[in-house]
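A.B. asks: Have a look at this one.
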Amino acid sequence: MKRRRGLSEEDRELWSRVAASTHAMHPKQPDAPAPAKGNLMPPPKAPNPALRPFRPGENAPPPKATHDLAPPIGEDLARQPVAMDRKAHRAMTRGKLEPEARLDLHGMTLAEAHPRLIRFVLSSQDRGHRLILIITGKGKRAQDDGPIPVRTGILRHQVPQWLRLPPLASVVLQVTEAHLKHGGSGAYYIYLRRLR
């Protein structure tokens, strides 16, 4: 191991000249008087009368809801803009218009229902129908919900999504929940575009 060599006399003389030419950046403060032995804490300051008492965060905006819950399917469809004739839409939602054809998907699996829906909607348009009724059923509640909520009525939630996708998106003009006399929230009115 190599030993450190000390400063030579010449280095020490040079260092003492440099140190003598410097000035302290912070001059030495006079020593503060030592606190009394019994009281180590300084006396409390008098409160400022201009400051009012406050709690941290009292002016903060309320926290935003962290749950992004999807609205019920009926509310979501009701918010959609009306793309068809308004008078016909009002009559349809009040149950005054009779559907020209109906399809009952109640009790089918998703794999069975999807091709049947596509075939039915396209053939209804070919026949010149404008208003058709799709019955999905409201769905049954599972006996054990468990910790994760599950939507009831899988078909009821899936059918509006299928109607927004090709090949049905170009055929369907309006989708709304049916009136109670035609099945209520377990069925949908589908208003089709005119066949050109």
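For the structure tokens, the naming scheme is as follows: chains receive sequential letters (A, B, ...) according to their order of presentation, residues are indexed from 1 within each chain, and ligands are indexed from 1 in presentation order.
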Residues within 9 Å of A:Met108, please, as a PyMOL selection string. Count only C-alpha atoms; anything in the same chain fewer than 5 positions from it doesn't count.

C.D. replies: chain A and resi 113+136+155

A.B. asks: According to DSSP computed on the backbone, where in stretch 2-194 of chain A is there alpha helix (DSSP H)? Give the residues as a ChimeraX atom specification.

C.D. replies: /A:9-21,73-79,86-93,110-126,154-163

A.B. asks: So which bits of stretch 8-184 of chain A end up strand (DSSP E or B) when you DSSP the backbone, as a ChimeraX atom specification?

C.D. replies: /A:101-104,131-135,172-177

A.B. asks: Would you kindly return, as a VMD selection string, each protein, DNA or RNA residue with an atom no farther than 10 Å from any atom of A:Pro167, considering only C-alpha atoms and excluding same-chain residues fewer than 6 positions away?

C.D. replies: chain A and resid 118 121 to 122

A.B. asks: Just the residues within 9 Å of A:Gln174, please, counting only C-alpha atoms, with nothing from its chain fewer than 4 positions along; format it as a list in words.

C.D. replies: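 That gives Gln80, Pro81, Val82, Ala83, Met84, His89, Tyr189, Ile190, Tyr191, Leu192 and Arg193 of chain A.
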
A.B. asks: If you keep all heavy atoms, can you produce a file of those selected residues as an mmCIF file, in the first residue's frame?

C.D. replies:
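To be explicit, this is the file written out as result01.cif:
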data_model
loop_
_atom_site.group_PDB
_atom_site.id
_atom_site.type_symbol
_atom_site.label_atom_id
_atom_site.label_comp_id
_atom_site.auth_asym_id
_atom_site.auth_seq_id
_atom_site.Cartn_x
_atom_site.Cartn_y
_atom_site.Cartn_z
ATOM 1 N N GLN A 80 -79.267 9.247 -26.806
ATOM 2 C CA GLN A 80 -78.865 9.290 -28.211
ATOM 3 C C GLN A 80 -79.718 10.318 -28.956
ATOM 4 O O GLN A 80 -80.910 10.439 -28.706
ATOM 5 C CB GLN A 80 -79.048 7.914 -28.876
ATOM 6 C CG GLN A 80 -78.241 6.804 -28.239
ATOM 7 C CD GLN A 80 -76.749 7.040 -28.295
ATOM 8 O OE1 GLN A 80 -76.229 7.517 -29.297
ATOM 9 N NE2 GLN A 80 -76.063 6.726 -27.217
ATOM 10 N N PRO A 81 -79.124 11.058 -29.880
ATOM 11 C CA PRO A 81 -79.916 12.035 -30.631
ATOM 12 C C PRO A 81 -80.951 11.326 -31.508
ATOM 13 O O PRO A 81 -80.724 10.208 -31.967
ATOM 14 C CB PRO A 81 -78.879 12.770 -31.483
ATOM 15 C CG PRO A 81 -77.691 11.881 -31.509
ATOM 16 C CD PRO A 81 -77.720 11.043 -30.279
ATOM 17 N N VAL A 82 -82.082 11.997 -31.714
ATOM 18 C CA VAL A 82 -83.149 11.430 -32.540
ATOM 19 C C VAL A 82 -82.756 11.604 -34.002
ATOM 20 O O VAL A 82 -82.592 12.720 -34.485
ATOM 21 C CB VAL A 82 -84.505 12.114 -32.239
ATOM 22 C CG1 VAL A 82 -85.598 11.574 -33.149
ATOM 23 C CG2 VAL A 82 -84.873 11.914 -30.776
ATOM 24 N N ALA A 83 -82.611 10.470 -34.715
ATOM 25 C CA ALA A 83 -82.183 10.505 -36.114
ATOM 26 C C ALA A 83 -83.369 10.325 -37.059
ATOM 27 O O ALA A 83 -83.249 10.561 -38.243
ATOM 28 C CB ALA A 83 -81.153 9.407 -36.365
ATOM 29 N N MET A 84 -84.507 9.911 -36.527
ATOM 30 C CA MET A 84 -85.687 9.666 -37.355
ATOM 31 C C MET A 84 -86.665 10.829 -37.212
ATOM 32 O O MET A 84 -86.382 11.788 -36.488
ATOM 33 C CB MET A 84 -86.343 8.347 -36.927
ATOM 34 C CG MET A 84 -86.740 8.318 -35.460
ATOM 35 S SD MET A 84 -87.308 6.724 -34.891
ATOM 36 C CE MET A 84 -88.976 6.719 -35.466
ATOM 37 N N HIS A 89 -90.998 9.174 -33.849
ATOM 38 C CA HIS A 89 -90.235 8.760 -32.658
ATOM 39 C C HIS A 89 -91.098 8.865 -31.405
ATOM 40 O O HIS A 89 -91.106 7.961 -30.565
ATOM 41 C CB HIS A 89 -88.977 9.628 -32.521
ATOM 42 C CG HIS A 89 -88.109 9.230 -31.364
ATOM 43 N ND1 HIS A 89 -88.206 9.828 -30.134
ATOM 44 C CD2 HIS A 89 -87.147 8.281 -31.274
ATOM 45 C CE1 HIS A 89 -87.334 9.274 -29.323
ATOM 46 N NE2 HIS A 89 -86.677 8.337 -29.984
ATOM 47 N N TYR A 189 -87.116 -1.314 -29.736
ATOM 48 C CA TYR A 189 -87.623 -0.913 -31.040
ATOM 49 C C TYR A 189 -86.412 -0.596 -31.898
ATOM 50 O O TYR A 189 -85.517 0.140 -31.474
ATOM 51 C CB TYR A 189 -88.466 0.367 -30.945
ATOM 52 C CG TYR A 189 -89.778 0.242 -30.231
ATOM 53 C CD1 TYR A 189 -90.141 1.165 -29.271
ATOM 54 C CD2 TYR A 189 -90.676 -0.767 -30.547
ATOM 55 C CE1 TYR A 189 -91.362 1.090 -28.619
ATOM 56 C CE2 TYR A 189 -91.908 -0.850 -29.900
ATOM 57 C CZ TYR A 189 -92.239 0.077 -28.935
ATOM 58 O OH TYR A 189 -93.442 0.001 -28.301
ATOM 59 N N ILE A 190 -86.404 -1.115 -33.101
ATOM 60 C CA ILE A 190 -85.350 -0.778 -34.051
ATOM 61 C C ILE A 190 -86.016 -0.187 -35.273
ATOM 62 O O ILE A 190 -86.854 -0.835 -35.907
ATOM 63 C CB ILE A 190 -84.495 -2.004 -34.421
ATOM 64 C CG1 ILE A 190 -83.674 -2.378 -33.201
ATOM 65 C CG2 ILE A 190 -83.531 -1.693 -35.539
ATOM 66 C CD1 ILE A 190 -83.742 -3.731 -32.799
ATOM 67 N N TYR A 191 -85.673 1.061 -35.561
ATOM 68 C CA TYR A 191 -86.236 1.760 -36.712
ATOM 69 C C TYR A 191 -85.190 1.691 -37.810
ATOM 70 O O TYR A 191 -84.053 2.148 -37.634
ATOM 71 C CB TYR A 191 -86.570 3.205 -36.342
ATOM 72 C CG TYR A 191 -87.588 3.834 -37.243
ATOM 73 C CD1 TYR A 191 -88.956 3.566 -37.085
ATOM 74 C CD2 TYR A 191 -87.198 4.690 -38.263
ATOM 75 C CE1 TYR A 191 -89.894 4.138 -37.913
ATOM 76 C CE2 TYR A 191 -88.134 5.263 -39.099
ATOM 77 C CZ TYR A 191 -89.484 4.983 -38.921
ATOM 78 O OH TYR A 191 -90.412 5.553 -39.759
ATOM 79 N N LEU A 192 -85.573 1.115 -38.960
ATOM 80 C CA LEU A 192 -84.624 0.854 -40.036
ATOM 81 C C LEU A 192 -84.632 1.959 -41.082
ATOM 82 O O LEU A 192 -85.648 2.627 -41.271
ATOM 83 C CB LEU A 192 -84.966 -0.472 -40.711
ATOM 84 C CG LEU A 192 -84.990 -1.709 -39.782
ATOM 85 C CD1 LEU A 192 -85.453 -2.927 -40.539
ATOM 86 C CD2 LEU A 192 -83.629 -1.943 -39.174
ATOM 87 N N ARG A 193 -83.503 2.101 -41.744
ATOM 88 C CA ARG A 193 -83.427 3.036 -42.872
ATOM 89 C C ARG A 193 -84.201 2.468 -44.051
ATOM 90 O O ARG A 193 -84.360 1.263 -44.176
ATOM 91 C CB ARG A 193 -81.962 3.240 -43.301
ATOM 92 C CG ARG A 193 -81.126 3.893 -42.256
ATOM 93 C CD ARG A 193 -79.686 4.051 -42.765
ATOM 94 N NE ARG A 193 -78.815 4.441 -41.673
ATOM 95 C CZ ARG A 193 -78.698 5.686 -41.220
ATOM 96 N NH1 ARG A 193 -79.387 6.659 -41.774
ATOM 97 N NH2 ARG A 193 -77.885 5.952 -40.215
#
